[in-house]
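Colleague: Structure file input_30.pdb, PDB, C-alpha atoms and all ligand atoms, is pasted below:
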```
ATOM      1  CA  MET A  23     -64.033  72.284 -39.726  1.00  0.00           C
ATOM      2  CA  ASN A  24     -67.096  73.165 -41.734  1.00  0.00           C
ATOM      3  CA  LEU A  25     -68.147  76.749 -42.378  1.00  0.00           C
ATOM      4  CA  ARG A  26     -71.230  76.492 -40.198  1.00  0.00           C
ATOM      5  CA  ARG A  27     -69.223  75.448 -37.173  1.00  0.00           C
ATOM      6  CA  LEU A  28     -66.657  78.132 -37.873  1.00  0.00           C
ATOM      7  CA  ALA A  29     -69.451  80.721 -37.953  1.00  0.00           C
ATOM      8  CA  ILE A  30     -70.787  79.417 -34.651  1.00  0.00           C
ATOM      9  CA  LEU A  31     -67.362  79.518 -33.051  1.00  0.00           C
ATOM     10  CA  ARG A  32     -66.896  83.034 -34.336  1.00  0.00           C
ATOM     11  CA  GLU A  33     -70.160  84.044 -32.656  1.00  0.00           C
ATOM     12  CA  MET A  34     -68.965  82.397 -29.467  1.00  0.00           C
ATOM     13  CA  GLY A  35     -65.814  84.454 -29.716  1.00  0.00           C
ATOM     14  CA  LEU A  36     -63.670  81.395 -30.405  1.00  0.00           C
ATOM     15  CA  ALA A  37     -62.849  81.616 -34.077  1.00  0.00           C
ATOM     16  CA  PRO A  38     -59.612  83.616 -33.553  1.00  0.00           C
ATOM     17  CA  LEU A  39     -58.457  80.934 -31.109  1.00  0.00           C
ATOM     18  CA  TRP A  40     -59.162  78.203 -33.609  1.00  0.00           C
ATOM     19  CA  ARG A  41     -57.445  80.092 -36.405  1.00  0.00           C
ATOM     20  CA  LEU A  42     -54.402  80.767 -34.289  1.00  0.00           C
ATOM     21  CA  ARG A  43     -54.018  77.082 -33.592  1.00  0.00           C
ATOM     22  CA  ALA A  44     -54.622  76.161 -37.215  1.00  0.00           C
ATOM     23  CA  GLU A  45     -52.028  78.667 -38.363  1.00  0.00           C
ATOM     24  CA  THR A  46     -49.434  77.359 -35.944  1.00  0.00           C
ATOM     25  CA  GLY A  47     -49.985  73.817 -37.151  1.00  0.00           C
ATOM     26  CA  ALA A  48     -51.703  72.689 -33.966  1.00  0.00           C
ATOM     27  CA  GLU A  49     -54.755  70.518 -34.150  1.00  0.00           C
ATOM     28  CA  THR A  50     -58.065  72.167 -34.914  1.00  0.00           C
ATOM     29  CA  ALA A  51     -60.554  72.903 -32.193  1.00  0.00           C
ATOM     30  CA  ASP A  52     -62.516  69.849 -33.296  1.00  0.00           C
ATOM     31  CA  THR A  53     -59.786  67.632 -32.020  1.00  0.00           C
ATOM     32  CA  ASP A  54     -58.739  69.861 -29.180  1.00  0.00           C
ATOM     33  CA  VAL A  55     -59.570  67.233 -26.607  1.00  0.00           C
ATOM     34  CA  PRO A  56     -57.328  65.500 -24.115  1.00  0.00           C
ATOM     35  CA  GLU A  57     -56.297  62.310 -25.898  1.00  0.00           C
ATOM     36  CA  GLN A  58     -55.368  60.340 -22.820  1.00  0.00           C
ATOM     37  CA  PRO A  59     -58.200  58.862 -20.782  1.00  0.00           C
ATOM     38  CA  LEU A  60     -58.664  61.151 -17.850  1.00  0.00           C
ATOM     39  CA  PRO A  61     -59.034  59.894 -14.293  1.00  0.00           C
ATOM     40  CA  THR A  62     -62.491  58.804 -13.344  1.00  0.00           C
ATOM     41  CA  GLU A  63     -63.684  60.140 -10.038  1.00  0.00           C
ATOM     42  CA  PRO A  64     -65.560  57.796  -7.743  1.00  0.00           C
ATOM     43  CA  ASP A  65     -69.215  57.170  -8.423  1.00  0.00           C
ATOM     44  CA  VAL A  66     -71.383  59.492  -6.412  1.00  0.00           C
ATOM     45  CA  SER A  67     -74.321  58.186  -4.503  1.00  0.00           C
ATOM     46  CA  HIS A  68     -76.656  61.114  -4.714  1.00  0.00           C
ATOM     47  CA  ALA A  69     -78.112  61.165  -1.234  1.00  0.00           C
ATOM     48  CA  PRO A  70     -79.448  64.671  -0.609  1.00  0.00           C
ATOM     49  CA  VAL A  71     -76.771  66.916   0.861  1.00  0.00           C
ATOM     50  CA  SER A  72     -79.109  67.887   3.684  1.00  0.00           C
ATOM     51  CA  PRO A  73     -82.630  66.924   4.729  1.00  0.00           C
ATOM     52  CA  VAL A  74     -85.440  68.071   2.478  1.00  0.00           C
ATOM     53  CA  ALA A  75     -87.644  70.667   4.088  1.00  0.00           C
ATOM     54  CA  ALA A  76     -90.757  69.375   5.763  1.00  0.00           C
ATOM     55  CA  SER A  77     -93.114  70.811   3.122  1.00  0.00           C
ATOM     56  CA  ALA A  78     -91.400  69.120   0.154  1.00  0.00           C
ATOM     57  CA  ALA A  79     -92.975  66.129  -1.529  1.00  0.00           C
ATOM     58  CA  PRO A  80     -91.218  63.127   0.025  1.00  0.00           C
ATOM     59  CA  ALA A  81     -88.303  61.967  -2.126  1.00  0.00           C
ATOM     60  CA  SER A  82     -89.759  58.458  -2.212  1.00  0.00           C
ATOM     61  CA  ARG A  83     -92.993  59.786  -3.710  1.00  0.00           C
ATOM     62  CA  VAL A  84     -91.172  61.999  -6.221  1.00  0.00           C
ATOM     63  CA  ALA A  85     -89.110  58.990  -7.268  1.00  0.00           C
ATOM     64  CA  GLY A  86     -92.258  57.303  -8.571  1.00  0.00           C
ATOM     65  CA  MET A  87     -93.680  60.261 -10.486  1.00  0.00           C
ATOM     66  CA  ASP A  88     -94.228  60.505 -14.214  1.00  0.00           C
ATOM     67  CA  TRP A  89     -93.460  63.734 -16.081  1.00  0.00           C
ATOM     68  CA  ARG A  90     -96.904  65.262 -15.637  1.00  0.00           C
ATOM     69  CA  GLU A  91     -97.056  64.615 -11.929  1.00  0.00           C
ATOM     70  CA  LEU A  92     -93.472  65.756 -11.456  1.00  0.00           C
ATOM     71  CA  GLU A  93     -94.001  69.078 -13.205  1.00  0.00           C
ATOM     72  CA  GLU A  94     -97.263  69.720 -11.369  1.00  0.00           C
ATOM     73  CA  THR A  95     -95.536  69.019  -8.069  1.00  0.00           C
ATOM     74  CA  ILE A  96     -92.654  71.355  -8.929  1.00  0.00           C
ATOM     75  CA  HIS A  97     -95.063  74.133  -9.869  1.00  0.00           C
ATOM     76  CA  ALA A  98     -96.916  73.738  -6.565  1.00  0.00           C
ATOM     77  CA  CYS A  99     -93.818  73.219  -4.416  1.00  0.00           C
ATOM     78  CA  ARG A 100     -93.219  75.441  -1.395  1.00  0.00           C
ATOM     79  CA  ALA A 101     -90.406  73.433   0.136  1.00  0.00           C
ATOM     80  CA  CYS A 102     -87.936  76.282   0.415  1.00  0.00           C
ATOM     81  CA  ALA A 103     -87.948  80.059   0.649  1.00  0.00           C
ATOM     82  CA  LEU A 104     -87.312  80.457  -3.073  1.00  0.00           C
ATOM     83  CA  CYS A 105     -91.029  79.909  -3.675  1.00  0.00           C
ATOM     84  CA  GLU A 106     -91.802  83.261  -2.096  1.00  0.00           C
ATOM     85  CA  LYS A 107     -90.369  85.541  -4.796  1.00  0.00           C
ATOM     86  CA  ARG A 108     -90.887  83.395  -7.880  1.00  0.00           C
ATOM     87  CA  THR A 109     -93.328  84.203 -10.643  1.00  0.00           C
ATOM     88  CA  GLN A 110     -93.401  80.536 -11.464  1.00  0.00           C
ATOM     89  CA  ALA A 111     -91.260  77.464 -10.987  1.00  0.00           C
ATOM     90  CA  VAL A 112     -89.161  76.456 -14.015  1.00  0.00           C
ATOM     91  CA  PRO A 113     -88.903  72.669 -14.160  1.00  0.00           C
ATOM     92  CA  GLY A 114     -86.874  72.128 -17.338  1.00  0.00           C
ATOM     93  CA  VAL A 115     -87.154  71.880 -21.083  1.00  0.00           C
ATOM     94  CA  GLY A 116     -86.168  69.633 -23.937  1.00  0.00           C
ATOM     95  CA  ASP A 117     -86.114  66.126 -25.278  1.00  0.00           C
ATOM     96  CA  ARG A 118     -87.204  63.757 -22.546  1.00  0.00           C
ATOM     97  CA  GLN A 119     -85.183  60.952 -24.071  1.00  0.00           C
ATOM     98  CA  ALA A 120     -82.072  63.010 -24.676  1.00  0.00           C
ATOM     99  CA  ARG A 121     -78.549  61.664 -24.552  1.00  0.00           C
ATOM    100  CA  TRP A 122     -77.269  65.037 -23.380  1.00  0.00           C
ATOM    101  CA  MET A 123     -78.500  66.649 -20.170  1.00  0.00           C
ATOM    102  CA  PHE A 124     -77.279  70.083 -19.139  1.00  0.00           C
ATOM    103  CA  VAL A 125     -77.847  71.257 -15.571  1.00  0.00           C
ATOM    104  CA  GLY A 126     -77.528  74.896 -14.607  1.00  0.00           C
ATOM    105  CA  GLU A 127     -77.865  76.774 -11.369  1.00  0.00           C
ATOM    106  CA  GLY A 128     -81.337  78.287 -11.186  1.00  0.00           C
ATOM    107  CA  PRO A 129     -83.720  80.480 -13.152  1.00  0.00           C
ATOM    108  CA  GLY A 130     -82.915  84.159 -13.630  1.00  0.00           C
ATOM    109  CA  VAL A 131     -85.347  87.009 -14.125  1.00  0.00           C
ATOM    110  CA  GLU A 132     -86.144  86.188 -17.727  1.00  0.00           C
ATOM    111  CA  GLU A 133     -86.464  82.453 -17.042  1.00  0.00           C
ATOM    112  CA  ASP A 134     -88.759  83.188 -14.107  1.00  0.00           C
ATOM    113  CA  ARG A 135     -90.926  85.312 -16.389  1.00  0.00           C
ATOM    114  CA  ARG A 136     -91.036  82.876 -19.308  1.00  0.00           C
ATOM    115  CA  GLY A 137     -90.962  79.579 -17.444  1.00  0.00           C
ATOM    116  CA  GLU A 138     -88.069  78.186 -19.470  1.00  0.00           C
ATOM    117  CA  PRO A 139     -84.453  77.688 -18.408  1.00  0.00           C
ATOM    118  CA  PHE A 140     -81.597  79.437 -20.168  1.00  0.00           C
ATOM    119  CA  VAL A 141     -83.312  82.173 -22.084  1.00  0.00           C
ATOM    120  CA  GLY A 142     -81.770  85.616 -22.410  1.00  0.00           C
ATOM    121  CA  GLN A 143     -78.089  86.265 -23.068  1.00  0.00           C
ATOM    122  CA  ALA A 144     -76.722  83.254 -21.211  1.00  0.00           C
ATOM    123  CA  GLY A 145     -79.278  81.076 -22.958  1.00  0.00           C
ATOM    124  CA  ARG A 146     -78.200  82.413 -26.328  1.00  0.00           C
ATOM    125  CA  LEU A 147     -74.610  81.477 -25.554  1.00  0.00           C
ATOM    126  CA  LEU A 148     -75.725  78.018 -24.435  1.00  0.00           C
ATOM    127  CA  ASP A 149     -77.603  77.627 -27.723  1.00  0.00           C
ATOM    128  CA  LEU A 150     -74.404  78.533 -29.589  1.00  0.00           C
ATOM    129  CA  MET A 151     -72.462  76.001 -27.533  1.00  0.00           C
ATOM    130  CA  LEU A 152     -75.055  73.381 -28.438  1.00  0.00           C
ATOM    131  CA  ALA A 153     -74.912  74.354 -32.100  1.00  0.00           C
ATOM    132  CA  ALA A 154     -71.129  73.984 -32.048  1.00  0.00           C
ATOM    133  CA  LEU A 155     -71.751  70.375 -31.051  1.00  0.00           C
ATOM    134  CA  ASP A 156     -74.376  70.006 -33.805  1.00  0.00           C
ATOM    135  CA  LEU A 157     -77.014  69.938 -31.100  1.00  0.00           C
ATOM    136  CA  LYS A 158     -80.138  71.953 -30.660  1.00  0.00           C
ATOM    137  CA  ARG A 159     -82.321  72.795 -27.697  1.00  0.00           C
ATOM    138  CA  GLY A 160     -85.161  70.296 -27.666  1.00  0.00           C
ATOM    139  CA  GLU A 161     -83.453  67.702 -29.872  1.00  0.00           C
ATOM    140  CA  ASP A 162     -81.412  65.138 -27.985  1.00  0.00           C
ATOM    141  CA  VAL A 163     -80.836  67.739 -25.273  1.00  0.00           C
ATOM    142  CA  TYR A 164     -82.615  68.247 -21.982  1.00  0.00           C
ATOM    143  CA  ILE A 165     -81.930  71.350 -19.873  1.00  0.00           C
ATOM    144  CA  ALA A 166     -82.731  71.725 -16.191  1.00  0.00           C
ATOM    145  CA  ASN A 167     -81.531  73.642 -13.181  1.00  0.00           C
ATOM    146  CA  ALA A 168     -80.380  72.650  -9.711  1.00  0.00           C
ATOM    147  CA  VAL A 169     -83.149  74.762  -8.201  1.00  0.00           C
ATOM    148  CA  LYS A 170     -86.411  75.335 -10.002  1.00  0.00           C
ATOM    149  CA  CYS A 171     -87.277  78.738  -8.537  1.00  0.00           C
ATOM    150  CA  ARG A 172     -85.427  81.986  -9.029  1.00  0.00           C
ATOM    151  CA  PRO A 173     -83.044  83.008  -6.262  1.00  0.00           C
ATOM    152  CA  PRO A 174     -83.700  86.709  -5.545  1.00  0.00           C
ATOM    153  CA  HIS A 175     -81.271  89.156  -7.180  1.00  0.00           C
ATOM    154  CA  ASN A 176     -79.729  86.239  -9.090  1.00  0.00           C
ATOM    155  CA  ARG A 177     -77.801  85.167  -6.038  1.00  0.00           C
ATOM    156  CA  THR A 178     -76.249  81.716  -5.876  1.00  0.00           C
ATOM    157  CA  PRO A 179     -78.643  79.119  -4.464  1.00  0.00           C
ATOM    158  CA  GLU A 180     -77.776  77.976  -0.982  1.00  0.00           C
ATOM    159  CA  ALA A 181     -76.854  74.388  -0.200  1.00  0.00           C
ATOM    160  CA  ALA A 182     -80.125  73.895   1.705  1.00  0.00           C
ATOM    161  CA  GLU A 183     -82.119  75.145  -1.297  1.00  0.00           C
ATOM    162  CA  ILE A 184     -80.252  72.809  -3.647  1.00  0.00           C
ATOM    163  CA  ALA A 185     -80.935  69.968  -1.220  1.00  0.00           C
ATOM    164  CA  ALA A 186     -84.630  70.859  -0.969  1.00  0.00           C
ATOM    165  CA  CYS A 187     -84.917  70.656  -4.756  1.00  0.00           C
ATOM    166  CA  ALA A 188     -82.681  67.596  -5.197  1.00  0.00           C
ATOM    167  CA  ALA A 189     -85.460  65.030  -5.443  1.00  0.00           C
ATOM    168  CA  PHE A 190     -86.878  66.846  -8.477  1.00  0.00           C
ATOM    169  CA  LEU A 191     -83.547  66.878 -10.292  1.00  0.00           C
ATOM    170  CA  ASP A 192     -83.000  63.235  -9.354  1.00  0.00           C
ATOM    171  CA  ARG A 193     -86.336  62.308 -10.877  1.00  0.00           C
ATOM    172  CA  GLN A 194     -85.693  64.304 -14.052  1.00  0.00           C
ATOM    173  CA  ILE A 195     -82.397  62.491 -14.520  1.00  0.00           C
ATOM    174  CA  ALA A 196     -84.018  59.125 -13.846  1.00  0.00           C
ATOM    175  CA  LEU A 197     -86.743  59.827 -16.414  1.00  0.00           C
ATOM    176  CA  VAL A 198     -84.432  61.211 -19.122  1.00  0.00           C
ATOM    177  CA  ARG A 199     -81.690  58.596 -18.554  1.00  0.00           C
ATOM    178  CA  PRO A 200     -79.043  60.684 -20.346  1.00  0.00           C
ATOM    179  CA  ARG A 201     -75.714  59.337 -21.531  1.00  0.00           C
ATOM    180  CA  LEU A 202     -73.950  62.378 -20.143  1.00  0.00           C
ATOM    181  CA  LEU A 203     -74.661  65.017 -17.524  1.00  0.00           C
ATOM    182  CA  ILE A 204     -72.977  68.386 -17.924  1.00  0.00           C
ATOM    183  CA  ALA A 205     -72.888  70.624 -14.869  1.00  0.00           C
ATOM    184  CA  LEU A 206     -72.815  74.289 -15.815  1.00  0.00           C
ATOM    185  CA  GLY A 207     -71.130  76.036 -12.917  1.00  0.00           C
ATOM    186  CA  ARG A 208     -70.329  75.237  -9.314  1.00  0.00           C
ATOM    187  CA  PRO A 209     -73.847  75.006  -7.809  1.00  0.00           C
ATOM    188  CA  ALA A 210     -74.893  72.623 -10.576  1.00  0.00           C
ATOM    189  CA  ALA A 211     -71.823  70.494  -9.918  1.00  0.00           C
ATOM    190  CA  GLN A 212     -72.663  70.509  -6.229  1.00  0.00           C
ATOM    191  CA  ALA A 213     -76.199  69.351  -7.015  1.00  0.00           C
ATOM    192  CA  LEU A 214     -75.000  66.533  -9.264  1.00  0.00           C
ATOM    193  CA  LEU A 215     -72.022  65.381  -7.233  1.00  0.00           C
ATOM    194  CA  GLY A 216     -73.268  66.094  -3.716  1.00  0.00           C
ATOM    195  CA  ARG A 217     -70.197  68.048  -2.691  1.00  0.00           C
ATOM    196  CA  GLU A 218     -68.427  71.332  -3.172  1.00  0.00           C
ATOM    197  CA  ILE A 219     -65.963  71.445  -6.013  1.00  0.00           C
ATOM    198  CA  SER A 220     -63.959  74.073  -7.821  1.00  0.00           C
ATOM    199  CA  ILE A 221     -64.721  74.239 -11.540  1.00  0.00           C
ATOM    200  CA  GLY A 222     -61.093  74.993 -12.339  1.00  0.00           C
ATOM    201  CA  ALA A 223     -59.927  71.836 -10.560  1.00  0.00           C
ATOM    202  CA  ALA A 224     -62.745  69.588 -11.801  1.00  0.00           C
ATOM    203  CA  ARG A 225     -62.698  70.514 -15.496  1.00  0.00           C
ATOM    204  CA  GLY A 226     -61.512  67.733 -17.771  1.00  0.00           C
ATOM    205  CA  LYS A 227     -62.352  64.999 -15.263  1.00  0.00           C
ATOM    206  CA  ARG A 228     -64.983  62.366 -15.707  1.00  0.00           C
ATOM    207  CA  PHE A 229     -67.126  61.970 -12.626  1.00  0.00           C
ATOM    208  CA  GLU A 230     -69.951  59.502 -12.264  1.00  0.00           C
ATOM    209  CA  ARG A 231     -73.359  59.686 -10.702  1.00  0.00           C
ATOM    210  CA  ASP A 232     -75.219  56.411 -10.443  1.00  0.00           C
ATOM    211  CA  GLY A 233     -73.285  55.133 -13.437  1.00  0.00           C
ATOM    212  CA  VAL A 234     -73.925  58.206 -15.602  1.00  0.00           C
ATOM    213  CA  PRO A 235     -70.806  60.179 -16.583  1.00  0.00           C
ATOM    214  CA  VAL A 236     -70.734  63.755 -15.307  1.00  0.00           C
ATOM    215  CA  ILE A 237     -68.468  66.549 -16.444  1.00  0.00           C
ATOM    216  CA  VAL A 238     -68.299  70.110 -15.254  1.00  0.00           C
ATOM    217  CA  THR A 239     -67.730  73.331 -17.125  1.00  0.00           C
ATOM    218  CA  TYR A 240     -68.382  77.020 -16.766  1.00  0.00           C
ATOM    219  CA  HIS A 241     -71.857  78.504 -16.640  1.00  0.00           C
ATOM    220  CA  PRO A 242     -72.624  80.543 -19.781  1.00  0.00           C
ATOM    221  CA  ALA A 243     -73.316  83.621 -17.623  1.00  0.00           C
ATOM    222  CA  TYR A 244     -69.786  83.320 -16.239  1.00  0.00           C
ATOM    223  CA  LEU A 245     -68.426  83.038 -19.784  1.00  0.00           C
ATOM    224  CA  LEU A 246     -70.203  86.234 -20.743  1.00  0.00           C
ATOM    225  CA  ARG A 247     -68.358  87.988 -17.934  1.00  0.00           C
ATOM    226  CA  ASN A 248     -65.077  86.161 -18.569  1.00  0.00           C
ATOM    227  CA  PRO A 249     -64.830  85.656 -22.346  1.00  0.00           C
ATOM    228  CA  LEU A 250     -61.199  84.551 -22.132  1.00  0.00           C
ATOM    229  CA  ASP A 251     -62.431  81.303 -20.575  1.00  0.00           C
ATOM    230  CA  LYS A 252     -64.601  80.445 -23.585  1.00  0.00           C
ATOM    231  CA  GLY A 253     -61.727  78.446 -25.033  1.00  0.00           C
ATOM    232  CA  LYS A 254     -61.705  76.251 -21.934  1.00  0.00           C
ATOM    233  CA  ALA A 255     -65.448  75.758 -22.240  1.00  0.00           C
ATOM    234  CA  TRP A 256     -64.951  74.669 -25.825  1.00  0.00           C
ATOM    235  CA  GLU A 257     -62.357  72.114 -24.692  1.00  0.00           C
ATOM    236  CA  ASP A 258     -64.882  70.837 -22.158  1.00  0.00           C
ATOM    237  CA  LEU A 259     -67.532  70.465 -24.848  1.00  0.00           C
ATOM    238  CA  CYS A 260     -65.145  68.520 -27.051  1.00  0.00           C
ATOM    239  CA  PHE A 261     -64.417  66.275 -24.071  1.00  0.00           C
ATOM    240  CA  ALA A 262     -68.161  65.851 -23.564  1.00  0.00           C
ATOM    241  CA  ARG A 263     -68.656  64.915 -27.179  1.00  0.00           C
ATOM    242  CA  ARG A 264     -65.983  62.254 -26.897  1.00  0.00           C
ATOM    243  CA  LEU A 265     -67.637  60.773 -23.789  1.00  0.00           C
ATOM    244  CA  VAL A 266     -71.031  60.592 -25.477  1.00  0.00           C
ATOM    245  CA  ALA A 267     -69.431  58.918 -28.479  1.00  0.00           C
ATOM    246  CA  GLU A 268     -67.716  56.416 -26.198  1.00  0.00           C
ATOM    247  CA  ALA A 269     -70.993  55.729 -24.376  1.00  0.00           C
ATOM    248  CA  ALA A 270     -72.593  54.917 -27.719  1.00  0.00           C
TER
HETATM  249 FE1  LIG A 301     -89.568  73.763  -4.269  1.00  0.00          FE
HETATM  250 FE2  LIG A 301     -87.274  73.689  -5.595  1.00  0.00          FE
HETATM  251 FE3  LIG A 301     -88.829  75.835  -5.773  1.00  0.00          FE
HETATM  252 FE4  LIG A 301     -87.539  75.338  -3.482  1.00  0.00          FE
HETATM  253  S1  LIG A 301     -86.605  75.824  -5.479  1.00  0.00           S
HETATM  254  S2  LIG A 301     -89.706  75.938  -3.710  1.00  0.00           S
HETATM  255  S3  LIG A 301     -87.581  73.079  -3.450  1.00  0.00           S
HETATM  256  S4  LIG A 301     -89.320  73.775  -6.516  1.00  0.00           S
END
```
Is it possible to give me this structure as structure tokens?
Ligand code: SF4

Modeller:
Amino acid sequence: MNLRRLAILREMGLAPLWRLRAETGAETADTDVPEQPLPTEPDVSHAPVSPVAASAAPASRVAGMDWRELEETIHACRACALCEKRTQAVPGVGDRQARWMFVGEGPGVEEDRRGEPFVGQAGRLLDLMLAALDLKRGEDVYIANAVKCRPPHNRTPEAAEIAACAAFLDRQIALVRPRLLIALGRPAAQALLGREISIGAARGKRFERDGVPVIVTYHPAYLLRNPLDKGKAWEDLCFARRLVAEAA
């Protein structure tokens, strides 16, 4: 492992874990990935989990939008109650031809204020996770959320809100055409897979959505509250890296 990655892992709170394994003769974190192919879950047809609210742009129209039209429509959208408390909608950010696409839950206070997903503490941890993979926000990485408007008091978005916003996420994925989708947390997994799952049970599995591999891992905000699970997140990222390499 190079020094830069070690420094990043130390910042993530993972360096002691890596050292412990190195000292005991186990493989380094770089290779800390399940070696056996893991079961592939059935492909998911991503029909919205419930009907889109009447005021949303029809999914068929969204499906034909280019980036400019899509972002304008998101900013003007009033399809669910989340529009009422937002400062602004937060469509997404990054490389529009990225191989890696990360999907989170929804904007928080800081994201709502700045109009960019994953800023603030959770965003800093996500940036460190990206750096550990030799990735960088904006370069070969696109970041979006399941819902584009901030849920009040940072509550979890409801299934109906995720469904109301689904056509926008669908279109972002169709435009980016990533090699891998990474769901950060349960609501993001629900948005990508169209069903409720438990992160603990779904970690380490390769799902598919319209032929694109999907994996799930913890949301960075969860990892900030539960630092002992950072090691699992690192395993998930190594798994992700292997899938992207295989897709190449
Ligand atoms: Fe529209 Fe999505 Fe915002 Fe709801 S969360 S108002 S569906 S952009």

Colleague: Between A:Lys252, A:Arg136, A:Arg263, A:Arg108, which one has atoms that come closest to Leu150 (chain A), using all atoms listed in the file?

Modeller: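 When distances to Leu150 (chain A) are compared using all atoms listed in the file, the smallest one comes from A:Lys252.
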
Colleague: Determine the nearest neighbour of Leu203 (chain A) from the options A:Val266, A:Cys187, A:Cys102, A:Cys260, counting only C-alpha atoms.

Modeller: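 Of the candidates, the smallest distance to Leu203 (chain A) is held by A:Val266.
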
Colleague: Between A:Ala111, A:Ala81, A:Ala211, A:Ala189, which has the minimum distance to Glu127 (chain A) (counting all atoms listed in the file)?

Modeller: A:Ala211

Colleague: Report the distance between CA of Arg90 (chain A) and CA of Asn176 (chain A) in Å, rounded to one decimal place.

Modeller: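 Those two atoms sit 27.9 Å apart.
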
Colleague: Step by step, work through what the PyMOL selection byres (((not hetatm)) within 8 of (chain A and resi 301)) selects in the shown file, and finish by giving those residues as an NGL selection string.

Modeller: :A and (75 or 78 or 95-106 or 111-113 or 169-172 or 183-188 or 190)

Colleague: So, counting all atoms listed in the file, which residue among A:Met151, A:Gly145, A:Tyr164, A:Arg118 is closest to Ala243 (chain A)?

Modeller: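 For Ala243 (chain A), the nearest of the candidates is A:Gly145.
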
Colleague: With only C-alpha atoms as the basis for distance, which of A:Gly126, A:Gly116, A:Pro139, A:Pro200 is at the shortest distance from Pro235 (chain A)?

Modeller: A:Pro200

Colleague: Quick one, how far is CA of Leu152 (chain A) from CA of Arg135 (chain A)?

Modeller: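 About the pair CA of Leu152 (chain A) and CA of Arg135 (chain A): they are 23.2 Å apart.
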
Colleague: Identify which of the residues A:Ala269, A:Leu155, A:Ile165, A:Ala182 lies closest to Pro129 (chain A), counting only C-alpha atoms when measuring atom-to-atom distances.

Modeller: A:Ile165

Colleague: Show me as a CSV table (one decimal) with C-alpha atoms, keeping the file's coordinate frame the residues that reach within 9 Å of (-82.6, 86.2, -18.9), counting all atoms listed in the file and using the file's own coordinates.

Modeller:
```csv
chain,number,residue,atom,x,y,z
A,129,PRO,CA,-83.7,80.5,-13.2
A,130,GLY,CA,-82.9,84.2,-13.6
A,131,VAL,CA,-85.3,87.0,-14.1
A,132,GLU,CA,-86.1,86.2,-17.7
A,133,GLU,CA,-86.5,82.5,-17.0
A,134,ASP,CA,-88.8,83.2,-14.1
A,135,ARG,CA,-90.9,85.3,-16.4
A,139,PRO,CA,-84.5,77.7,-18.4
A,140,PHE,CA,-81.6,79.4,-20.2
A,141,VAL,CA,-83.3,82.2,-22.1
A,142,GLY,CA,-81.8,85.6,-22.4
A,143,GLN,CA,-78.1,86.3,-23.1
A,144,ALA,CA,-76.7,83.3,-21.2
A,145,GLY,CA,-79.3,81.1,-23.0
```

Colleague: For Arg199 (chain A), find every residue with an atom within 7 Å (counting only C-alpha atoms), except residues of its own chain fewer than 3 positions away, and show them as a list in words.

Modeller: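 Listing them by chain and then by number gives Gln119, Ile195 and Ala196 of chain A.
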
Colleague: Please identify all polymer residues within 8 Å of Ala262 (chain A), counting all atoms listed in the file, omitting same-chain residues fewer than 4 positions from it, and present them as a PyMOL selection string.

Modeller: chain A and resi 202+204+237+258+266
